[in-house]
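A.B. asks: work_26.txt is reproduced below (compact mmCIF, C-alpha atoms).
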```txt
# COMPACT_ATOMS: atom_id res chain seq x y z
CA MET A 683 117.52 107.09 33.51
CA SER A 684 114.17 106.10 34.93
CA ARG A 685 115.76 104.37 37.96
CA PHE A 686 118.04 107.35 38.65
CA VAL A 687 115.21 109.86 38.50
CA THR A 688 113.03 107.66 40.71
CA LYS A 689 115.76 107.51 43.37
CA LEU A 690 116.00 111.27 43.32
CA ALA A 691 112.23 111.47 43.69
CA VAL A 692 112.29 109.17 46.73
CA ARG A 693 115.04 111.14 48.42
CA GLY A 694 113.37 114.42 47.63
CA ALA A 695 110.04 113.12 48.88
CA VAL A 696 111.48 112.05 52.23
CA VAL A 697 113.28 115.36 52.72
CA ALA A 698 110.18 117.30 51.74
CA ALA A 699 108.01 115.16 53.99
CA PHE A 700 110.17 115.87 57.03
CA ALA A 701 110.20 119.54 56.15
CA ALA A 702 106.40 119.47 55.92
CA VAL A 703 106.09 118.23 59.51
CA PRO A 704 107.79 120.93 61.64
CA GLY A 705 109.97 119.63 64.45
CA LEU A 706 109.37 115.94 63.71
CA ALA A 707 112.97 115.05 62.93
CA GLN A 708 114.14 116.96 66.00
CA ALA A 709 111.45 115.30 68.12
CA GLN A 710 112.63 111.82 67.11
CA ASP A 711 116.11 112.78 68.34
CA ARG A 712 114.56 113.73 71.68
CA ALA A 713 112.79 110.41 72.37
CA VAL A 714 113.68 108.99 75.80
CA ASP A 715 113.80 105.42 77.08
CA GLU A 716 110.61 104.37 78.86
CA ASN A 717 112.37 102.39 81.60
CA THR A 718 115.63 104.25 82.18
CA GLY A 719 115.23 107.71 80.66
CA PRO A 720 114.25 111.02 82.27
CA VAL A 721 110.69 110.95 83.57
CA ALA A 722 108.23 112.94 85.67
CA PHE A 723 105.01 111.94 87.44
CA ALA A 724 102.14 114.00 88.87
CA ASN A 725 99.19 112.94 91.02
CA VAL A 726 96.41 115.11 92.41
CA ALA A 727 95.65 113.00 95.51
CA ALA A 728 96.10 109.57 97.08
CA VAL A 729 95.04 108.00 100.38
CA ARG A 730 95.98 104.86 102.32
CA ILE A 731 94.35 103.44 105.46
CA GLY A 732 96.92 101.96 107.86
CA GLU A 733 99.79 99.80 106.67
CA ASP A 734 97.70 96.94 105.32
CA GLY A 735 94.36 98.68 104.72
CA GLY A 736 92.75 99.91 101.55
CA SER A 737 94.09 102.68 99.35
CA VAL A 738 92.93 104.87 96.48
CA ILE A 739 95.41 106.53 94.15
CA SER A 740 93.99 108.88 91.55
CA GLU A 741 95.12 108.77 87.92
CA THR A 742 98.84 109.54 87.80
CA GLN A 743 100.20 111.54 84.87
CA ARG A 744 103.54 110.43 83.41
CA SER A 745 105.66 112.56 81.12
CA PRO A 746 105.60 111.37 77.48
CA LEU A 747 108.53 109.67 75.78
CA LEU A 748 108.73 112.58 73.34
CA PRO A 749 108.57 116.27 74.29
CA GLY A 750 105.04 117.04 75.44
CA THR A 751 102.71 117.29 78.42
CA SER A 752 100.24 114.91 80.04
CA ARG A 753 97.42 116.62 82.00
CA LEU A 754 94.86 115.18 84.42
CA ALA A 755 91.28 115.43 83.13
CA GLN A 756 88.75 117.49 85.07
CA SER A 757 86.52 114.41 85.38
CA ARG A 758 88.55 113.62 88.51
CA SER A 759 86.92 116.02 90.99
CA ALA A 760 86.89 114.06 94.26
CA LEU A 761 88.54 111.18 96.13
CA PRO A 762 87.08 108.62 96.54
CA GLY A 763 85.17 109.09 93.31
CA SER A 764 83.28 105.82 92.85
CA ASP A 765 81.58 103.05 94.81
CA GLY A 766 84.63 100.84 94.38
CA GLU A 767 86.95 103.52 95.74
CA ARG A 768 84.64 104.10 98.70
CA GLU A 769 84.67 100.39 99.46
CA ALA A 770 88.48 100.51 99.54
CA VAL A 771 88.89 103.40 101.99
CA GLY A 772 85.57 103.71 103.79
CA PRO A 773 82.43 105.84 103.44
CA HIS A 774 83.11 108.74 105.81
CA TYR A 775 85.86 110.86 104.21
CA LEU A 776 85.48 112.78 100.95
CA LEU A 777 88.29 114.90 99.50
CA HIS A 778 87.09 117.67 97.17
CA LEU A 779 89.60 118.78 94.54
CA GLY A 780 88.54 122.38 93.99
CA THR A 781 85.31 122.64 92.02
CA PHE A 782 81.82 122.91 93.46
CA ALA A 783 78.34 124.09 92.49
CA ASP A 784 76.85 127.35 93.73
CA GLY A 785 75.71 127.04 97.33
CA GLU A 786 77.53 123.72 97.86
CA SER A 787 81.03 124.84 98.82
CA PRO A 788 82.97 122.53 101.15
CA PHE A 789 85.54 125.32 101.62
CA PRO A 790 85.69 128.22 104.07
CA ASP A 791 84.05 131.47 102.99
CA GLY A 792 85.88 133.35 100.28
CA VAL A 793 87.45 130.33 98.54
CA ALA A 794 86.29 130.27 94.92
CA SER A 795 85.61 127.19 92.85
CA ARG A 796 88.60 126.38 90.64
CA GLU A 797 89.84 123.54 88.47
CA HIS A 798 92.98 121.63 89.34
CA ASP A 799 96.00 121.71 87.04
CA VAL A 800 98.10 118.55 87.26
CA THR A 801 100.76 118.01 84.60
CA ALA A 802 103.83 115.91 83.83
CA THR A 803 106.04 117.30 81.08
CA LEU A 804 109.07 116.30 79.06
CA LYS A 805 110.57 119.58 77.91
CA ASP A 806 112.05 120.10 74.47
CA THR A 807 115.46 119.70 76.15
CA THR A 808 114.28 116.29 77.54
CA VAL A 809 114.27 117.79 81.05
CA PRO A 810 111.34 116.28 83.04
CA THR A 811 109.13 118.46 85.22
CA ALA A 812 105.82 117.99 87.05
CA THR A 813 103.37 120.33 88.78
CA ALA A 814 100.16 119.86 90.77
CA GLU A 815 97.98 122.87 91.62
CA ALA A 816 94.61 122.55 93.37
CA ASN A 817 92.33 123.55 96.21
CA TYR A 818 91.61 120.71 98.64
CA ALA A 819 88.80 120.26 101.16
CA LEU A 820 88.61 117.08 103.25
CA ARG A 821 85.10 116.47 104.57
CA ASP A 822 84.14 114.12 107.39
CA LEU A 823 80.71 113.08 106.15
CA ALA A 824 79.78 111.46 109.47
CA SER A 825 79.95 114.80 111.29
CA GLY A 826 79.28 117.03 108.28
CA THR A 827 82.40 119.15 108.83
CA THR A 828 85.36 120.19 106.71
CA VAL A 829 88.38 118.82 108.54
CA VAL A 830 91.21 120.36 106.48
CA ALA A 831 91.20 122.82 103.57
CA PHE A 832 94.02 124.12 101.36
CA GLU A 833 93.68 127.09 99.03
CA ASP A 834 96.11 127.35 96.10
CA ALA A 835 98.20 124.35 97.10
CA ARG A 836 101.07 123.85 94.69
CA SER A 837 103.86 121.32 94.38
CA THR A 838 106.42 121.26 91.59
CA VAL A 839 109.64 119.47 90.68
CA GLU A 840 112.18 119.81 87.89
CA CYS A 841 115.21 117.66 87.13
CA ALA A 842 117.41 119.89 84.98
CA ALA A 843 120.58 117.86 85.64
CA PRO A 844 121.78 115.27 88.17
CA ASP A 845 123.20 118.12 90.26
CA ALA A 846 120.33 120.54 89.58
CA LEU A 847 117.14 119.16 91.11
CA THR A 848 114.42 121.48 92.39
CA ALA A 849 111.36 120.66 94.52
CA GLU A 850 108.89 123.10 96.06
CA THR A 851 105.66 122.69 98.06
CA THR A 852 103.55 125.73 98.96
CA THR A 853 99.99 126.78 99.74
CA GLY A 854 98.17 130.08 99.88
CA ARG A 855 96.04 129.38 102.97
CA LEU A 856 95.33 126.45 105.28
CA TRP A 857 92.40 125.73 107.61
CA VAL A 858 91.82 123.00 110.21
CA LEU A 859 88.19 122.61 111.33
CA GLY A 860 87.46 126.09 109.99
CA GLU A 861 90.30 127.81 111.84
CA GLU A 862 93.02 129.31 109.67
CA ARG A 863 96.48 128.01 110.51
CA ALA A 864 100.01 128.87 109.46
CA ALA A 865 101.14 126.25 106.96
CA PRO A 866 104.47 124.50 107.54
CA THR A 867 107.25 126.36 105.75
CA GLY A 868 110.30 124.32 106.72
CA ASP A 869 110.93 120.88 108.16
CA GLU A 870 108.69 121.42 111.20
CA PRO A 871 105.23 119.84 110.75
CA LEU A 872 101.91 121.21 111.98
CA ARG A 873 100.40 118.94 114.67
CA ILE A 874 96.98 119.35 116.27
CA GLU A 875 95.56 116.78 118.71
CA ASN A 876 92.19 115.69 120.08
CA LEU A 877 90.01 117.03 117.28
CA PRO A 878 86.35 115.94 117.44
CA PHE A 879 85.85 113.72 114.40
CA GLY A 880 86.10 110.02 113.65
CA PRO A 881 87.77 107.59 111.22
CA PRO A 882 87.01 107.05 107.52
CA VAL A 883 85.92 103.44 108.09
CA GLU A 884 83.31 101.71 110.23
CA VAL A 885 84.64 100.16 113.45
CA GLU A 886 82.47 97.62 115.23
CA GLY A 887 81.39 98.72 118.70
CA ALA A 888 82.60 102.29 118.21
CA ASP A 889 80.75 105.31 119.56
CA PRO A 890 81.22 108.23 117.11
CA GLU A 891 80.80 110.75 119.93
CA GLN A 892 83.83 109.33 121.75
CA ALA A 893 86.27 109.43 118.82
CA VAL A 894 89.04 112.04 118.61
CA SER A 895 91.67 112.51 115.94
CA ASP A 896 95.21 113.90 115.77
CA ILE A 897 96.34 115.66 112.58
CA THR A 898 99.88 116.08 111.24
CA ILE A 899 100.56 118.16 108.12
CA ASP A 900 104.00 118.34 106.55
CA LYS A 901 105.77 118.22 103.20
CA VAL A 902 106.94 115.31 101.08
CA THR A 903 110.73 115.27 101.16
CA SER A 904 111.54 111.87 99.62
CA PHE A 905 110.21 109.55 96.94
CA ASP A 906 109.37 106.83 99.50
CA GLN A 907 106.83 109.14 101.19
CA LEU A 908 104.58 109.20 98.11
CA VAL A 909 101.46 107.02 97.94
CA ARG A 910 101.81 105.69 94.41
CA GLN A 911 101.19 102.92 91.92
CA ASP A 912 103.95 100.38 91.19
CA GLN A 913 104.42 101.84 87.70
CA TRP A 914 105.35 105.21 89.23
CA ARG A 915 109.10 104.71 89.27
CA SER A 916 112.15 106.52 90.56
CA GLY A 917 115.64 106.55 89.06
CA PRO A 918 119.30 106.92 90.01
CA VAL A 919 118.60 110.63 90.63
CA THR A 920 115.14 111.52 91.98
CA THR A 921 113.36 114.33 93.78
CA ALA A 922 109.76 114.61 95.01
CA ALA A 923 107.29 117.12 96.45
CA GLY A 924 103.73 117.36 97.76
CA TRP A 925 101.69 117.79 100.94
CA ARG A 926 101.30 114.99 103.50
CA LEU A 927 98.26 114.81 105.75
CA GLU A 928 98.21 112.11 108.44
CA ILE A 929 95.17 111.53 110.65
CA VAL A 930 95.37 109.17 113.64
CA THR A 931 91.89 108.51 115.03
CA HIS A 932 91.46 107.07 118.52
CA VAL A 933 88.31 104.96 118.33
CA ARG A 934 86.46 104.25 121.60
CA ASP A 935 83.29 102.56 122.73
CA ALA A 936 80.35 104.19 124.54
CA ASP A 937 82.16 103.88 127.89
CA GLY A 938 85.26 105.66 126.56
CA ALA A 939 87.38 102.51 126.41
CA ASP A 940 89.94 102.42 123.60
CA LEU A 941 89.09 100.03 120.77
CA ARG A 942 91.78 100.79 118.20
CA ASP A 943 93.65 103.54 116.38
CA VAL A 944 92.98 104.13 112.68
CA THR A 945 95.73 105.87 110.69
CA THR A 946 94.82 107.62 107.44
CA ARG A 947 97.54 109.03 105.19
CA PHE A 948 96.88 111.44 102.33
CA VAL A 949 99.39 112.76 99.82
CA LEU A 950 98.07 115.86 98.08
CA GLY A 951 99.73 116.93 94.84
CA GLY A 952 102.40 114.26 94.86
CA VAL A 953 105.00 114.86 92.12
CA SER A 954 108.42 113.48 91.26
CA CYS A 955 111.04 113.53 88.54
CA SER A 956 113.99 111.25 87.87
CA LEU A 957 117.12 111.14 85.73
CA PRO A 958 119.72 108.58 84.74
CA GLU A 959 123.13 109.26 86.26
CA ALA A 960 124.74 110.35 82.99
CA PHE A 961 121.86 112.57 81.86
CA THR A 962 122.68 115.56 79.68
CA PRO A 963 119.86 117.80 78.41
CA VAL A 964 119.40 118.23 74.68
CA THR A 965 120.31 121.66 73.37
CA SER A 966 117.38 123.44 71.75
CA ASP A 967 117.70 125.42 68.56
CA PRO A 968 117.08 129.07 69.56
CA GLY A 969 115.35 129.67 66.23
CA GLU A 970 113.08 126.67 66.54
CA ASP A 971 109.46 127.60 67.19
CA ARG A 972 107.57 124.57 68.42
CA ALA A 973 104.64 123.91 70.72
CA ASP A 974 104.86 120.69 72.71
CA PRO A 975 101.74 118.57 72.21
CA VAL A 976 99.40 117.57 75.00
CA VAL A 977 99.82 113.80 75.17
CA PRO A 978 97.62 111.82 77.60
CA VAL A 979 99.97 109.38 79.34
CA LYS A 980 98.60 108.14 82.64
CA ILE A 981 98.71 105.33 85.15
CA PRO A 982 95.04 104.51 85.83
CA ALA A 983 93.56 105.08 89.27
CA GLY A 984 93.73 102.32 91.87
CA ALA A 985 95.81 99.20 91.35
CA GLN A 986 95.00 98.64 87.70
CA VAL A 987 97.63 97.62 85.17
CA ASN A 988 99.14 100.59 83.32
CA THR A 989 97.33 100.81 79.99
CA GLY A 990 98.75 104.19 79.07
CA ALA A 991 102.38 103.17 78.63
CA GLY A 992 102.06 102.79 74.88
CA GLU A 993 100.38 106.10 74.19
CA PRO A 994 103.58 108.04 73.42
CA PHE A 995 104.36 105.45 70.76
CA GLY A 996 100.89 106.02 69.36
CA TRP A 997 101.73 109.69 68.96
CA ALA A 998 105.04 108.79 67.33
CA LEU A 999 103.30 106.42 64.91
CA VAL A 1000 100.83 109.12 63.94
CA GLY A 1001 103.79 111.36 63.18
CA GLY A 1002 105.46 108.56 61.25
CA GLY A 1003 102.27 108.04 59.28
CA VAL A 1004 102.29 111.70 58.30
CA VAL A 1005 105.85 111.37 57.04
CA LEU A 1006 105.17 108.20 55.10
CA GLY A 1007 101.95 109.59 53.67
CA ALA A 1008 103.62 112.78 52.53
CA ALA A 1009 106.52 110.82 51.06
CA ALA A 1010 104.15 108.54 49.16
CA LEU A 1011 102.22 111.51 47.80
CA LEU A 1012 105.34 113.30 46.66
CA LEU A 1013 106.78 110.09 45.24
CA ALA A 1014 103.62 109.48 43.22
CA ARG A 1015 103.78 113.00 41.87
CA GLY A 1016 107.49 112.67 41.12
CA ARG A 1017 107.18 109.39 39.23
CA ARG A 1018 104.92 110.67 36.48
CA PRO A 1019 107.36 113.03 34.78
CA ALA A 1020 110.23 110.60 35.33
CA THR A 1021 108.29 107.79 33.68
CA ALA A 1022 107.20 110.05 30.86
CA ARG A 1023 110.75 111.13 30.17
CA ALA A 1024 111.95 107.52 30.19
CA GLU A 1025 109.29 106.53 27.70
CA GLU A 1026 110.22 109.45 25.48
```
Using the file provided, produce a representation of the structure as structure tokens.
C.D. replies:
Amino acid sequence: MSRFVTKLAVRGAVVAAFAAVPGLAQAQDRAVDENTGPVAFANVAAVRIGEDGGSVISETQRSPLLPGTSRLAQSRSALPGSDGEREAVGPHYLLHLGTFADGESPFPDGVASREHDVTATLKDTTVPTATAEANYALRDLASGTTVVAFEDARSTVECAAPDALTAETTTGRLWVLGEERAAPTGDEPLRIENLPFGPPVEVEGADPEQAVSDITIDKVTSFDQLVRQDQWRSGPVTTAAGWRLEIVTHVRDADGADLRDVTTRFVLGGVSCSLPEAFTPVTSDPGEDRADPVVPVKIPAGAQVNTGAGEPFGWALVGGGVVLGAAALLLARGRRPATARAEE
């Protein structure tokens, strides 16, 4: 009798424990494979100098392995953002990511300080989506001018099914050297040549007054155009979005003789999502009321090894601990009367 009642207590405890943690059983059914499952990535900004030069890639958010959202912290407010990052890409360019103190705006008049919003999400249906929203102002510190500014730049992707991929890149307003320009809306880029500013890096023998730069602004249309860490992967089905800013600087000496060209490539708000070929979204229960947790899952800035890959499992283990703890508590409570009845 004691053994039979104890078994009932265990089963009842497990059922009650899952009931006490809303959505946990359903969430476990929605876990995706880290290497082959649906995934989304979002990055606020990245820059590369030339083909073999230095690069800085800000912290990239990756969608969790369970339904939830990973969001970039507001501590990332500029690129480069440290001495090490400046050593990688040079001392002369500084990309502001939206916030500024009173009286210190790098933006044209009328642009308010705002925080960026960069997220990678795995929906409750296991559909991956990513969005990057920010204001951007690229300053040439050598000349003290704002080269390019975006207000309300936004890029977003969603992979609802292998045949239902969406990608969109927009901006509210765009300025080049303080002059408002029409942003590219289709496949045609915006090109402006012979602008009076120099490269991001020091070039021996260069005369800053002789340098001119050509700017090209267009949209990311393929995964290969992103500036990304190795851990930022694609899949059998992938789409991407974001703004591309390319600057080719013609560096000259004091006599006007050409020394070299320096090419600088920015990707602003780079996002992507990917699916396996046979992906089918999970059907949500219309009566299920759940709020997806905010789960920090990121690829660190620069070329560091990904230390965030295990974080979704950490969240799952916390959930598992809740279940086991609740089961143990209920089991302990259930054993007392069972033992008492057996002794009687």
A.B. asks: Rounded to one decimal, what separation in Å do you get between atom CA of A:Pro746 and atom CA of A:Val979?
C.D. replies: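 Between atom CA of A:Pro746 and atom CA of A:Val979 the gap is 6.3 Å.
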A.B. asks: With all atoms listed in the file as the counted atoms, please give the residues lying no more than 9 Å from A:Glu797, apart from itself and same-chain residues fewer than 6 positions off, as a PyMOL selection string.
C.D. replies: chain A and resi 756+759+779-781+815-817
A.B. asks: Suppose we keep C-alpha atoms; can you now write the selection as a PDB file, in the frame of the given file?
C.D. replies:
```
ATOM      1  CA  GLN A 756      88.750 117.490  85.070  1.00  0.00           C
ATOM      2  CA  SER A 759      86.920 116.020  90.990  1.00  0.00           C
ATOM      3  CA  LEU A 779      89.600 118.780  94.540  1.00  0.00           C
ATOM      4  CA  GLY A 780      88.540 122.380  93.990  1.00  0.00           C
ATOM      5  CA  THR A 781      85.310 122.640  92.020  1.00  0.00           C
ATOM      6  CA  GLU A 815      97.980 122.870  91.620  1.00  0.00           C
ATOM      7  CA  ALA A 816      94.610 122.550  93.370  1.00  0.00           C
ATOM      8  CA  ASN A 817      92.330 123.550  96.210  1.00  0.00           C
TER       9      ASN A 817
END
```
A.B. asks: Considering only C-alpha atoms, can you say which of A:Gly952, A:Pro963, A:Pro958, A:Pro720 comes closest to A:Pro918?
C.D. replies: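 Going through A:Gly952, A:Pro963, A:Pro958, A:Pro720 one by one, the smallest distance to A:Pro918 is for A:Pro958.
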A.B. asks: At what distance in Å, to one decimal, does atom CA of A:Ala814 lie from atom CA of A:Gly951?
C.D. replies: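 Pair atom CA of A:Gly951 / atom CA of A:Ala814 returns 5.0 Å.
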A.B. asks: For a test of reading the model, state the distance in Å between atom CA of A:Gly887 and atom CA of A:His932, rounded to one decimal.
C.D. replies: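 Atom CA of A:His932 lies at a distance of 13.1 Å from atom CA of A:Gly887.
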A.B. asks: Considering all atoms listed in the file, state which residue in the set A:Leu941, A:Ala722, A:Leu877, A:Val714 is at the smallest distance from A:Ser916.
C.D. replies: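 Under the stated criterion, the closest residue is A:Ala722.
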